[in-house]
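Student: Here it is: the structure, laid out below.
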Amino acid sequence: MQLSISRCGGVALAALALSVGVSPSALAEDYPNKPIQMIVSYGAGGSTDTMARIFAKYAEEALGQRVVVVNKPGAGGELGWVHLANADPDGYTLGLINSPSVETHPFTRADTVGYSLDDLQPLANVVTDPGVLAVAADSPWQSLEELVAAVRAEPRSVTVSHEGVGGDDHLAALNFAAAAGIDLNFVSFNGNAEATAALLGGHIDAFEGNMSEAAAHINEGEVRGLAVWSNQRMEAIADVPTGAEQGYEVVSSASRGLALPAGVPDDVYARLLEVTREVIENPEFEAELARLNMPLDPLYGDEYAASLKASQDSLKAVWDQDPWIEP
Amino acid sequence: MDILLTALANVVTPTALLTLVLGTLAGILIGALPGLSSTMGVALCIPITFNMPPDLALILLGAVYVSSVYGGSVTAILLRTPGTDASIATALDGYPMAAAGRGGEAIGMATLASLFGGLVSVIVLLAIAPPLSKVALAFGPQEYTWLAIFGLVTIVGVVSERPVKGVLSAALGLILATVGLDAFTGEQRFTFGQGELFDGVPLLPVLIGLFSVSQAFNLCIPRDGGVLSGEAQRMQGRSLPYWADLKRCLRTLCRSSVIGSVVGILPGAGTSIAAFISYNEARRHSSHPETFGKGEIEGVAASEAANNAVTGGTLIPTLTLGIPGNAVTAVFVGGLTIHGMIPGPSLFTQHAESTYTLIVSLLFANLMFAVLGLWLCRYMVKVTRVPGAVLGPMILLFSLVGTYALRNEMFDVWLTMACGLMGYFMERWRYPAAPLVIALILGPILEVNFRRAMQISQWDLTTFFTRPLSLALCLLVVLALVIPLWRRWRQRQCAVA
């Protein structure tokens with residue numbers, strides 16, 4: 001009851017404000033006048049969380065308000081995104097969205113999912129962490145070609161780890177298998193630590209993960225990167241060739257960006273976009289991310305929204321033909 | 001040696017010691033409160049360390065980690081409300097001791113056992129981390145499968161009084177463990193489309209419900225023999241265990257510390273497995289196993305030495321291989337990398353000073369929580385004199401707030417309440433709750449590793465017996481099951497003769 005009264009009050013106030021002729025930009029001048037909540041759909045301490053907290057630190061300086069990180073982990077990000085989609089679009093709630101999961105849940109879980117991409121207003125992509133296919137240092141395979149030859153000689157004999165069905169690792173490895181016309185034996189792991197231990201211990205033959213997780217092991221020489229699934233070689237692991245260099249046109253990554261609930265006032269959106277740009281273009285911010293092997297990949301506003309939509313469409317086309325999760 | 005002295009000098013500075021004290025106090029508090037896990041404690045400290053020099057940052061994180069594992073024992077003993085799954089096994093004997101007016105003694109033993117286990121594991125970390133880290137790699141899915149089975153066997157030890165009810169409780173836990181997205185196919189199993197259940201039934205709400213909330217109900221609704229009664233009120237001031245008890249527990253302390261350190265090294269095994277395996281081993285080697293579960297101080301010693309030995313163990317693969325041994329050390333890795341220290345062999349060469357400072361500071365952190373624990377003990381036991389009608393609602397409040405804080409989800413709060421009710425009636429009807437929780441923890445580990453092993457071996461069941469380490473673990477499981485039966489059979493033979 002109280003809620004409905006305060007809502008009515010809010011509507012009345014807004015109507016009053018309009019009738020008196022307060023221009024909408026007055027809102028933005030006042031924004032932000034209270035702490036901003038930033039939803040992270042993964043657990044505290046994970047790579048998304050770490051990036052979010054670093055971003056929050058810089059955004060606080062630029063906005064002059066506290067940016068409070070709230071973790072809402074669960075269901076591969078879905079719980080947090082449902083919360084973000086349903087939050088008030090007043091600019092005081094923003095959140096991290098992770099590709100490709102944020103695009104795939106709406107059609108892979110069509111019956112139960114609680115949000116759609118249209119419920120979110122993308123702000124900017126921050127980091128794109130390309131996929132990496134790696135083997136242990138003592139593995140006989142030096143290139144994708146040799147791995148493919150081994151599978152051809154003995155189908156399904158090569159075990160490849162991924163960190164969750166339908167996640168970007170799994171999709172990358174599936175794409176590679178399709179491009180090479182081979183069948184891989186997938187083994188699912190809960191997170192990078194278990195998968196890396198299994199690779200170093202010789203329990204699995206190959207590891208599909210993200211560059212930020214694998215770079216340290218590759219640079220230490222314990223693990224050999226066979227391919228990085230990006231358009232060009234990455235600075236953090238410069239010796240690892242791309243898939244395309246070896247004849248397999250596979251591009252795959254995990255991206256982390258920022259989004260708001262749909263319907264945020266234009267001026268507030270513009271202010272947040274400006275602040276986001278300021279943070280991303282700050283060389284100190286970039287340096288902090290580089291230390292974590294997270295490559296910046298800025299894409300702002302409408303361009304980011306369009307790229308998410310395009311990615312969703314192409315993933316959906318693949319899914320419709322050959323779903324990677326049993327329906 | 002030089003590097004150790006430098007590290008020591010880094011730790012024995014006023015700022016470092018102050019950081020240690022604050023980190024230790026915060027850790028004890030985090031561990032004692034239901035719902036605030038070690039992982040969350042360390043994660044919350046990471047932003048604080050952003051602007052600290054790396055050495056201090058590591059000292060703070062380390063102190064919070066080790067002392068939060070200890071902190072859980074205090075409430076587990078005095079109130080039977082373990083703050084994390086690591087101290088469930090501690091409550092099994094600790095709470096009966098507190099109920100008999102020996103709470104101070106139990107906390108004293110828990111403190112000394114935690115110190116012992118913690119020190120052993122840090123010394124292991126300091127002395128032989130690189131070769132030991134190979135253990136983490138030697139364990140494949142086959143071995144984890146056996147380890148999970150070994151953990152399930154420990155249920156036998158917990159339920160020896162009421163085997164049928166214990167097995168039913170464990171079966172319920174295993175059934176609950178099947179809920180969630182299938183890790184291999186992505187299929188939804190018993191989720192009812194509820195997003196909150198996609199990752200499985202969340203462990204901590206179930207744990208807090210079954211232990212803390214049900215205990216809160218117990219305190220509010222007094223029944224005879226239910227909660228701390230007259231005995232506990234006449235609490236003696238004793239806060240140190242008897243010397244004879246300590247001497248008697250020495251072998252258990254050593255065994256549990258080794259078990260804890262080894263299990264800690266294995267990524268994804270978990271603190272509670274170490275505690276339960278140690279508890280069961282102590283009971284199995286005891287000349288009077290029947291006293292376990294009824295206030296046997298050796299049970300407290302076994303569980304606490306093991307769960308604190310895990311702390312050093314988990315840091316071994318974290319620091320040497322860059323593979324975190326559990327969720328807390330995964331957060332630790334984040335903290336290290338922010339300060340430019342990439343976990344892996346280079347930590348002991350390029351960043352040797354900071355790394356050894358961390359390890360040396362862990363020794364101090366262990367001593368610090370022990371000193372603080374023993375000093376605070378006499379004040380802490382007073383909590384048992386608070387009337388149930390006051391204590392119960394307070395535990396309920398902390399439990400529900402803590403559960404909500406886990407992932408800011410009301411669903412978890414309702415689940416905690418439901419499990420609280422279930423726990424209350426389970427206790428009334430004498431169904432033990434610990435087997436349910438052990439099964440809920442081990443179920444997913446067993447399932448996922450069994451399926452991984454099958455996938456890797458291309459559906460060849462012999463893979464569980466043809467690997468040397470796997471076979472050895474298999475034999476351990478068989479021995480753990482057969483020896484008690486054989487003993488009982490021999491006793492009966494003697495009685496007949």
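Note on naming: chains are A, B, ... as they come in the structure tokens, residues start from 1 per chain, ligands start from 1 in the order shown.
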Just want the 10 Å neighbourhood of Asn10 (chain B), counted on only C-alpha atoms, with same-chain residues fewer than 5 positions away dropped. Output as a PyMOL selection string.

Tutor: chain B and resi 4-5+15-17+55-56+353-354+356-358+360-361

Student: Those residues you just picked out, can you put them in a file as a short mmCIF file (atom, residue, chain, number, x, y, z; two decimals), in the first residue's frame with N, CA and C atoms?

Tutor:
data_model
loop_
_atom_site.label_atom_id
_atom_site.label_comp_id
_atom_site.auth_asym_id
_atom_site.auth_seq_id
_atom_site.Cartn_x
_atom_site.Cartn_y
_atom_site.Cartn_z
N LEU B 4 64.15 -15.53 4.64
CA LEU B 4 63.24 -15.73 5.76
C LEU B 4 63.39 -14.63 6.79
N LEU B 5 64.65 -14.21 7.02
CA LEU B 5 64.89 -13.14 7.99
C LEU B 5 64.30 -11.83 7.48
N THR B 15 53.12 -1.49 11.76
CA THR B 15 51.96 -1.50 10.86
C THR B 15 51.55 -2.93 10.51
N ALA B 16 52.55 -3.78 10.25
CA ALA B 16 52.23 -5.15 9.86
C ALA B 16 51.54 -5.87 11.02
N LEU B 17 52.04 -5.67 12.23
CA LEU B 17 51.43 -6.35 13.38
C LEU B 17 50.01 -5.85 13.62
N ASP B 55 52.84 -6.16 0.51
CA ASP B 55 53.12 -6.99 1.68
C ASP B 55 51.98 -6.93 2.69
N LEU B 56 51.56 -5.71 2.99
CA LEU B 56 50.48 -5.54 3.97
C LEU B 56 49.19 -6.15 3.46
N GLU B 353 60.33 -12.09 -1.84
CA GLU B 353 60.21 -11.39 -0.56
C GLU B 353 58.75 -11.31 -0.11
N SER B 354 57.88 -10.85 -1.01
CA SER B 354 56.47 -10.74 -0.65
C SER B 354 55.88 -12.11 -0.35
N TYR B 356 57.38 -14.88 0.76
CA TYR B 356 57.80 -15.40 2.06
C TYR B 356 57.24 -14.56 3.20
N THR B 357 57.06 -13.26 2.96
CA THR B 357 56.43 -12.43 3.98
C THR B 357 55.03 -12.96 4.27
N LEU B 358 54.30 -13.31 3.21
CA LEU B 358 52.96 -13.87 3.39
C LEU B 358 53.02 -15.14 4.23
N VAL B 360 55.38 -16.29 6.28
CA VAL B 360 55.78 -16.04 7.66
C VAL B 360 54.64 -15.39 8.43
N SER B 361 53.91 -14.48 7.75
CA SER B 361 52.82 -13.81 8.45
C SER B 361 51.71 -14.79 8.81
#

Student: Report as JSON lines: every residue of chain A with an atom at most 9 Å from chain B, its closest pair of atoms, and their distance in Å to one decimal, counting only C-alpha atoms, with rows sorted by chain and ascending residue number.

Tutor:
{"residue": "A:Gly43", "atom": "CA", "partner": "B:Arg407", "partner_atom": "CA", "distance": 8.0}
{"residue": "A:Ala44", "atom": "CA", "partner": "B:Ala43", "partner_atom": "CA", "distance": 5.8}
{"residue": "A:Gly45", "atom": "CA", "partner": "B:Val331", "partner_atom": "CA", "distance": 4.5}
{"residue": "A:Gly46", "atom": "CA", "partner": "B:Val331", "partner_atom": "CA", "distance": 6.8}
{"residue": "A:Ser47", "atom": "CA", "partner": "B:Gly334", "partner_atom": "CA", "distance": 7.6}
{"residue": "A:Thr50", "atom": "CA", "partner": "B:Gly334", "partner_atom": "CA", "distance": 7.0}
{"residue": "A:Arg53", "atom": "CA", "partner": "B:Pro47", "partner_atom": "CA", "distance": 7.3}
{"residue": "A:Ile54", "atom": "CA", "partner": "B:Pro47", "partner_atom": "CA", "distance": 8.5}
{"residue": "A:Lys57", "atom": "CA", "partner": "B:Pro47", "partner_atom": "CA", "distance": 8.9}
{"residue": "A:Val70", "atom": "CA", "partner": "B:Asn408", "partner_atom": "CA", "distance": 7.9}
{"residue": "A:Asn71", "atom": "CA", "partner": "B:Arg407", "partner_atom": "CA", "distance": 6.0}
{"residue": "A:Lys72", "atom": "CA", "partner": "B:Arg407", "partner_atom": "CA", "distance": 4.9}
{"residue": "A:Pro73", "atom": "CA", "partner": "B:Arg407", "partner_atom": "CA", "distance": 6.2}
{"residue": "A:Gly74", "atom": "CA", "partner": "B:Asp199", "partner_atom": "CA", "distance": 6.3}
{"residue": "A:Ala75", "atom": "CA", "partner": "B:Phe198", "partner_atom": "CA", "distance": 5.0}
{"residue": "A:Gly76", "atom": "CA", "partner": "B:Asp199", "partner_atom": "CA", "distance": 8.1}
{"residue": "A:Glu78", "atom": "CA", "partner": "B:Gly195", "partner_atom": "CA", "distance": 7.2}
{"residue": "A:Leu79", "atom": "CA", "partner": "B:Gly195", "partner_atom": "CA", "distance": 6.4}
{"residue": "A:Asp111", "atom": "CA", "partner": "B:Gly193", "partner_atom": "CA", "distance": 7.9}
{"residue": "A:Thr112", "atom": "CA", "partner": "B:Gly193", "partner_atom": "CA", "distance": 5.3}
{"residue": "A:Val113", "atom": "CA", "partner": "B:Gly195", "partner_atom": "CA", "distance": 7.9}
{"residue": "A:Gly114", "atom": "CA", "partner": "B:Gly195", "partner_atom": "CA", "distance": 8.5}
{"residue": "A:Arg156", "atom": "CA", "partner": "B:Gln458", "partner_atom": "CA", "distance": 8.9}
{"residue": "A:Ser157", "atom": "CA", "partner": "B:Gln458", "partner_atom": "CA", "distance": 8.3}
{"residue": "A:Val158", "atom": "CA", "partner": "B:Ile456", "partner_atom": "CA", "distance": 8.6}
{"residue": "A:Thr159", "atom": "CA", "partner": "B:Ile456", "partner_atom": "CA", "distance": 6.4}
{"residue": "A:Gly164", "atom": "CA", "partner": "B:Ala183", "partner_atom": "CA", "distance": 6.4}
{"residue": "A:Val165", "atom": "CA", "partner": "B:Gly186", "partner_atom": "CA", "distance": 5.7}
{"residue": "A:Gly166", "atom": "CA", "partner": "B:Gly186", "partner_atom": "CA", "distance": 7.5}
{"residue": "A:Asn185", "atom": "CA", "partner": "B:Gln455", "partner_atom": "CA", "distance": 7.2}
{"residue": "A:Phe186", "atom": "CA", "partner": "B:Gln455", "partner_atom": "CA", "distance": 7.6}
{"residue": "A:Val187", "atom": "CA", "partner": "B:Arg452", "partner_atom": "CA", "distance": 5.9}
{"residue": "A:Ser188", "atom": "CA", "partner": "B:Phe184", "partner_atom": "CA", "distance": 5.9}
{"residue": "A:Phe189", "atom": "CA", "partner": "B:Ala183", "partner_atom": "CA", "distance": 7.9}
{"residue": "A:Asn190", "atom": "CA", "partner": "B:Ala183", "partner_atom": "CA", "distance": 8.3}
{"residue": "A:Asn192", "atom": "CA", "partner": "B:Ile323", "partner_atom": "CA", "distance": 8.3}
{"residue": "A:Ala193", "atom": "CA", "partner": "B:Ile323", "partner_atom": "CA", "distance": 5.1}
{"residue": "A:Glu194", "atom": "CA", "partner": "B:Pro267", "partner_atom": "CA", "distance": 6.2}
{"residue": "A:Thr196", "atom": "CA", "partner": "B:Ile323", "partner_atom": "CA", "distance": 7.0}
{"residue": "A:Ala197", "atom": "CA", "partner": "B:Leu137", "partner_atom": "CA", "distance": 5.6}
{"residue": "A:Ala198", "atom": "CA", "partner": "B:Gly140", "partner_atom": "CA", "distance": 6.4}
{"residue": "A:Leu199", "atom": "CA", "partner": "B:Leu137", "partner_atom": "CA", "distance": 8.4}
{"residue": "A:Leu200", "atom": "CA", "partner": "B:Leu137", "partner_atom": "CA", "distance": 6.4}
{"residue": "A:Gly201", "atom": "CA", "partner": "B:Leu137", "partner_atom": "CA", "distance": 4.2}
{"residue": "A:Gly202", "atom": "CA", "partner": "B:Leu137", "partner_atom": "CA", "distance": 7.9}
{"residue": "A:His203", "atom": "CA", "partner": "B:Gly140", "partner_atom": "CA", "distance": 5.8}
{"residue": "A:Ile204", "atom": "CA", "partner": "B:Ile456", "partner_atom": "CA", "distance": 7.3}
{"residue": "A:Ala216", "atom": "CA", "partner": "B:Ile342", "partner_atom": "CA", "distance": 6.9}
{"residue": "A:His217", "atom": "CA", "partner": "B:Gly344", "partner_atom": "CA", "distance": 7.8}
{"residue": "A:Glu220", "atom": "CA", "partner": "B:Gly344", "partner_atom": "CA", "distance": 7.8}
{"residue": "A:Glu288", "atom": "CA", "partner": "B:Ile338", "partner_atom": "CA", "distance": 7.4}
{"residue": "A:Leu289", "atom": "CA", "partner": "B:Ile338", "partner_atom": "CA", "distance": 8.8}
{"residue": "A:Arg291", "atom": "CA", "partner": "B:Gly340", "partner_atom": "CA", "distance": 6.4}
{"residue": "A:Leu292", "atom": "CA", "partner": "B:Thr337", "partner_atom": "CA", "distance": 6.3}
{"residue": "A:Trp324", "atom": "CA", "partner": "B:Thr185", "partner_atom": "CA", "distance": 8.0}
{"residue": "A:Ile325", "atom": "CA", "partner": "B:Gly186", "partner_atom": "CA", "distance": 5.4}
{"residue": "A:Glu326", "atom": "CA", "partner": "B:Glu187", "partner_atom": "CA", "distance": 6.0}
{"residue": "A:Pro327", "atom": "CA", "partner": "B:Glu187", "partner_atom": "CA", "distance": 7.0}

Student: Per DSSP on the backbone, filter region 13-260 of chain A down to the residues in helix (DSSP H, G or I) and report them as a PyMOL selection string.

Tutor: chain A and resi 13-20+25-30+47-63+75-86+101-108+117-119+144-153+168-180+192-200+211-220+235-237+244-246

Student: Give me the residues of region 27-139 of chain A that have any atom at most 12 Å from an atom of region 263-283 of chain A; for each, the nearest atom pair and the distance in Å, rounded to one decimal. Use only C-alpha atoms, sort by chain and number, and format it as CSV.

Tutor:
residue,atom,partner,partner_atom,distance
A:Leu27,CA,A:Val268,CA,7.8
A:Ala28,CA,A:Val268,CA,5.5
A:Glu29,CA,A:Val268,CA,9.1
A:Asp30,CA,A:Val268,CA,9.8
A:Tyr31,CA,A:Val268,CA,7.1
A:Pro32,CA,A:Val268,CA,8.6
A:Asn33,CA,A:Val268,CA,11.9
A:Ile36,CA,A:Leu272,CA,11.1
A:Met51,CA,A:Ile280,CA,11.7
A:Ala52,CA,A:Val279,CA,12.0
A:Ile54,CA,A:Val279,CA,10.0
A:Phe55,CA,A:Val279,CA,7.3
A:Ala56,CA,A:Val279,CA,9.4
A:Lys57,CA,A:Val279,CA,9.5
A:Tyr58,CA,A:Val279,CA,6.1
A:Ala59,CA,A:Val279,CA,6.4
A:Glu60,CA,A:Val275,CA,9.6
A:Glu61,CA,A:Val279,CA,9.3
A:Ala62,CA,A:Val275,CA,6.3
A:Leu63,CA,A:Val275,CA,7.1
A:Gly64,CA,A:Val275,CA,10.8
A:Ala85,CA,A:Gly263,CA,10.1
A:Asn86,CA,A:Gly263,CA,10.8
A:Ala87,CA,A:Gly263,CA,10.4
A:Asp88,CA,A:Val264,CA,8.4
A:Pro89,CA,A:Val264,CA,4.6
A:Asp90,CA,A:Val264,CA,5.6
A:Gly91,CA,A:Val264,CA,6.2
A:Tyr92,CA,A:Val268,CA,9.5
A:Thr93,CA,A:Val264,CA,10.0
A:Leu94,CA,A:Leu272,CA,9.7
A:Asp118,CA,A:Gly263,CA,10.1
A:Asp119,CA,A:Gly263,CA,8.5
A:Leu120,CA,A:Gly263,CA,8.5
A:Gln121,CA,A:Gly263,CA,7.4
A:Pro122,CA,A:Leu273,CA,10.0
A:Leu123,CA,A:Leu273,CA,6.4
A:Ala124,CA,A:Thr276,CA,7.4
A:Asn125,CA,A:Ile280,CA,9.6
A:Val126,CA,A:Ile280,CA,7.1
A:Val127,CA,A:Ile280,CA,9.7

Student: Give me the residues near Asp412 (chain B) as a list in words, where near means some atom within 7 Å (using only C-alpha atoms) and where sequence neighbours in that chain fewer than 5 positions away do not count.

Tutor: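 Near neighbours after the sequence-gap exclusion: Pro205, Thr403 and Tyr404 of chain B.
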
Student: Residues as selected, N, CA and C atoms, written as a PDB file, in the first residue's frame, can you do that?

Tutor:
ATOM      1  N   PRO B 205      22.659 -21.935   2.665  1.00  0.00           N
ATOM      2  CA  PRO B 205      21.319 -21.793   3.239  1.00  0.00           C
ATOM      3  C   PRO B 205      20.826 -23.083   3.886  1.00  0.00           C
ATOM      4  N   THR B 403      22.335 -15.227   5.383  1.00  0.00           N
ATOM      5  CA  THR B 403      21.931 -15.975   4.203  1.00  0.00           C
ATOM      6  C   THR B 403      21.613 -15.034   3.057  1.00  0.00           C
ATOM      7  N   TYR B 404      20.930 -13.936   3.380  1.00  0.00           N
ATOM      8  CA  TYR B 404      20.591 -12.989   2.319  1.00  0.00           C
ATOM      9  C   TYR B 404      21.868 -12.418   1.716  1.00  0.00           C
TER      10      TYR B 404
END

Student: Give me the residues near region 224-236 of chain A as a PyMOL selection string, where near means some atom within 7 Å (using only C-alpha atoms) and where sequence neighbours in that chain fewer than 5 positions away do not count.

Tutor: chain A and resi 130-137+142-144+215+218+241-243+250-252+293

Student: Using only N, CA and C atoms, please write the residues we just selected to a file, as a PDB file, in the first residue's frame.

Tutor:
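In the end it all went to selection15.pdb:
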ATOM      1  N   PRO A 130      39.786 -13.215 -25.434  1.00  0.00           N
ATOM      2  CA  PRO A 130      39.631 -14.243 -26.462  1.00  0.00           C
ATOM      3  C   PRO A 130      39.804 -15.652 -25.923  1.00  0.00           C
ATOM      4  N   GLY A 131      39.216 -16.611 -26.617  1.00  0.00           N
ATOM      5  CA  GLY A 131      39.360 -18.014 -26.254  1.00  0.00           C
ATOM      6  C   GLY A 131      40.734 -18.535 -26.654  1.00  0.00           C
ATOM      7  N   VAL A 132      41.205 -19.545 -25.908  1.00  0.00           N
ATOM      8  CA  VAL A 132      42.515 -20.125 -26.164  1.00  0.00           C
ATOM      9  C   VAL A 132      42.374 -21.644 -26.092  1.00  0.00           C
ATOM     10  N   LEU A 133      42.961 -22.326 -27.074  1.00  0.00           N
ATOM     11  CA  LEU A 133      43.037 -23.791 -26.989  1.00  0.00           C
ATOM     12  C   LEU A 133      44.477 -24.128 -26.628  1.00  0.00           C
ATOM     13  N   ALA A 134      44.678 -24.875 -25.534  1.00  0.00           N
ATOM     14  CA  ALA A 134      46.036 -25.114 -25.061  1.00  0.00           C
ATOM     15  C   ALA A 134      46.232 -26.577 -24.719  1.00  0.00           C
ATOM     16  N   VAL A 135      47.501 -26.999 -24.738  1.00  0.00           N
ATOM     17  CA  VAL A 135      47.851 -28.358 -24.309  1.00  0.00           C
ATOM     18  C   VAL A 135      48.992 -28.243 -23.296  1.00  0.00           C
ATOM     19  N   ALA A 136      49.254 -29.325 -22.573  1.00  0.00           N
ATOM     20  CA  ALA A 136      50.357 -29.298 -21.615  1.00  0.00           C
ATOM     21  C   ALA A 136      51.683 -29.226 -22.377  1.00  0.00           C
ATOM     22  N   ALA A 137      52.733 -28.719 -21.701  1.00  0.00           N
ATOM     23  CA  ALA A 137      54.018 -28.519 -22.377  1.00  0.00           C
ATOM     24  C   ALA A 137      54.579 -29.824 -22.936  1.00  0.00           C
ATOM     25  N   GLN A 142      52.124 -29.751 -31.620  1.00  0.00           N
ATOM     26  CA  GLN A 142      52.670 -28.397 -31.679  1.00  0.00           C
ATOM     27  C   GLN A 142      51.698 -27.431 -32.345  1.00  0.00           C
ATOM     28  N   SER A 143      50.719 -27.960 -33.066  1.00  0.00           N
ATOM     29  CA  SER A 143      49.807 -27.072 -33.796  1.00  0.00           C
ATOM     30  C   SER A 143      48.419 -27.704 -33.847  1.00  0.00           C
ATOM     31  N   LEU A 144      47.454 -26.902 -34.291  1.00  0.00           N
ATOM     32  CA  LEU A 144      46.094 -27.429 -34.450  1.00  0.00           C
ATOM     33  C   LEU A 144      46.092 -28.596 -35.422  1.00  0.00           C
ATOM     34  N   ALA A 215      47.057 -17.167 -19.729  1.00  0.00           N
ATOM     35  CA  ALA A 215      48.277 -16.442 -20.123  1.00  0.00           C
ATOM     36  C   ALA A 215      49.452 -16.736 -19.193  1.00  0.00           C
ATOM     37  N   ILE A 218      50.844 -20.104 -19.850  1.00  0.00           N
ATOM     38  CA  ILE A 218      51.510 -20.156 -21.162  1.00  0.00           C
ATOM     39  C   ILE A 218      52.868 -19.468 -21.070  1.00  0.00           C
ATOM     40  N   PRO A 241      49.689 -18.502 -32.209  1.00  0.00           N
ATOM     41  CA  PRO A 241      49.059 -18.099 -33.473  1.00  0.00           C
ATOM     42  C   PRO A 241      47.539 -18.113 -33.377  1.00  0.00           C
ATOM     43  N   THR A 242      46.892 -17.359 -34.236  1.00  0.00           N
ATOM     44  CA  THR A 242      45.431 -17.368 -34.255  1.00  0.00           C
ATOM     45  C   THR A 242      44.947 -18.612 -34.976  1.00  0.00           C
ATOM     46  N   GLY A 243      43.648 -18.899 -34.829  1.00  0.00           N
ATOM     47  CA  GLY A 243      43.063 -20.029 -35.532  1.00  0.00           C
ATOM     48  C   GLY A 243      43.148 -19.821 -37.040  1.00  0.00           C
ATOM     49  N   VAL A 250      37.967 -19.560 -36.816  1.00  0.00           N
ATOM     50  CA  VAL A 250      37.143 -19.553 -35.611  1.00  0.00           C
ATOM     51  C   VAL A 250      37.492 -18.308 -34.803  1.00  0.00           C
ATOM     52  N   VAL A 251      36.493 -17.530 -34.443  1.00  0.00           N
ATOM     53  CA  VAL A 251      36.708 -16.375 -33.565  1.00  0.00           C
ATOM     54  C   VAL A 251      35.753 -16.523 -32.397  1.00  0.00           C
ATOM     55  N   SER A 252      36.295 -16.516 -31.191  1.00  0.00           N
ATOM     56  CA  SER A 252      35.430 -16.684 -30.025  1.00  0.00           C
ATOM     57  C   SER A 252      36.052 -15.969 -28.836  1.00  0.00           C
ATOM     58  N   ASN A 293      45.814  -9.418 -17.549  1.00  0.00           N
ATOM     59  CA  ASN A 293      45.694 -10.004 -18.883  1.00  0.00           C
ATOM     60  C   ASN A 293      44.290  -9.875 -19.452  1.00  0.00           C
TER      61      ASN A 293
END

Student: For a test of reading the model, state the distance in Å between CA of Leu363 (chain B) and CA of Thr49 (chain B), rounded to one decimal.

Tutor: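 CA of Thr49 (chain B) lies at a distance of 20.5 Å from CA of Leu363 (chain B).
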
Student: Please provide the set of residues having any atom within 9 Å of Ser121 (chain B), restricted to only C-alpha atoms, with same-chain residues fewer than 2 positions apart removed, written as a PyMOL selection string.

Tutor: chain B and resi 116-119+123-126+257-258+260-261+308-313

Student: At a cut-off of 9 Å, using only C-alpha atoms, what residues contact Leu115 (chain B)? Leave out same-chain residues fewer than 4 positions from it and give the result as an MDAnalysis selection string.

Tutor: chainID B and resid 70 110:111 119:120 304:305 308:309 366:367 369:370

Student: May I have the selected residues written with C-alpha atoms, as a short mmCIF file (atom, residue, chain, number, x, y, z; two decimals), in the first residue's frame?

Tutor:
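Listed below is the output, out-v2.cif:
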data_model
loop_
_atom_site.label_atom_id
_atom_site.label_comp_id
_atom_site.auth_asym_id
_atom_site.auth_seq_id
_atom_site.Cartn_x
_atom_site.Cartn_y
_atom_site.Cartn_z
CA TYR B 70 39.06 -20.91 13.32
CA ALA B 110 39.64 -26.21 19.41
CA THR B 111 41.99 -23.24 19.64
CA LEU B 119 51.23 -24.32 12.04
CA VAL B 120 51.86 -27.77 10.57
CA GLU B 304 39.69 -28.40 14.16
CA ALA B 305 43.27 -29.48 13.47
CA ASN B 308 42.91 -25.28 9.88
CA ALA B 309 45.54 -27.47 8.25
CA ASN B 366 47.91 -18.63 13.59
CA LEU B 367 49.57 -17.61 16.85
CA PHE B 369 44.12 -16.14 16.71
CA ALA B 370 45.21 -18.67 19.30
#

Student: Please identify all polymer residues within 8 Å of Ala433 (chain B), counting only C-alpha atoms, omitting same-chain residues fewer than 3 positions from it, and present them as JSON, numbers by chain.

Tutor: {"B": [169, 210, 211, 423, 426, 427, 436, 437]}
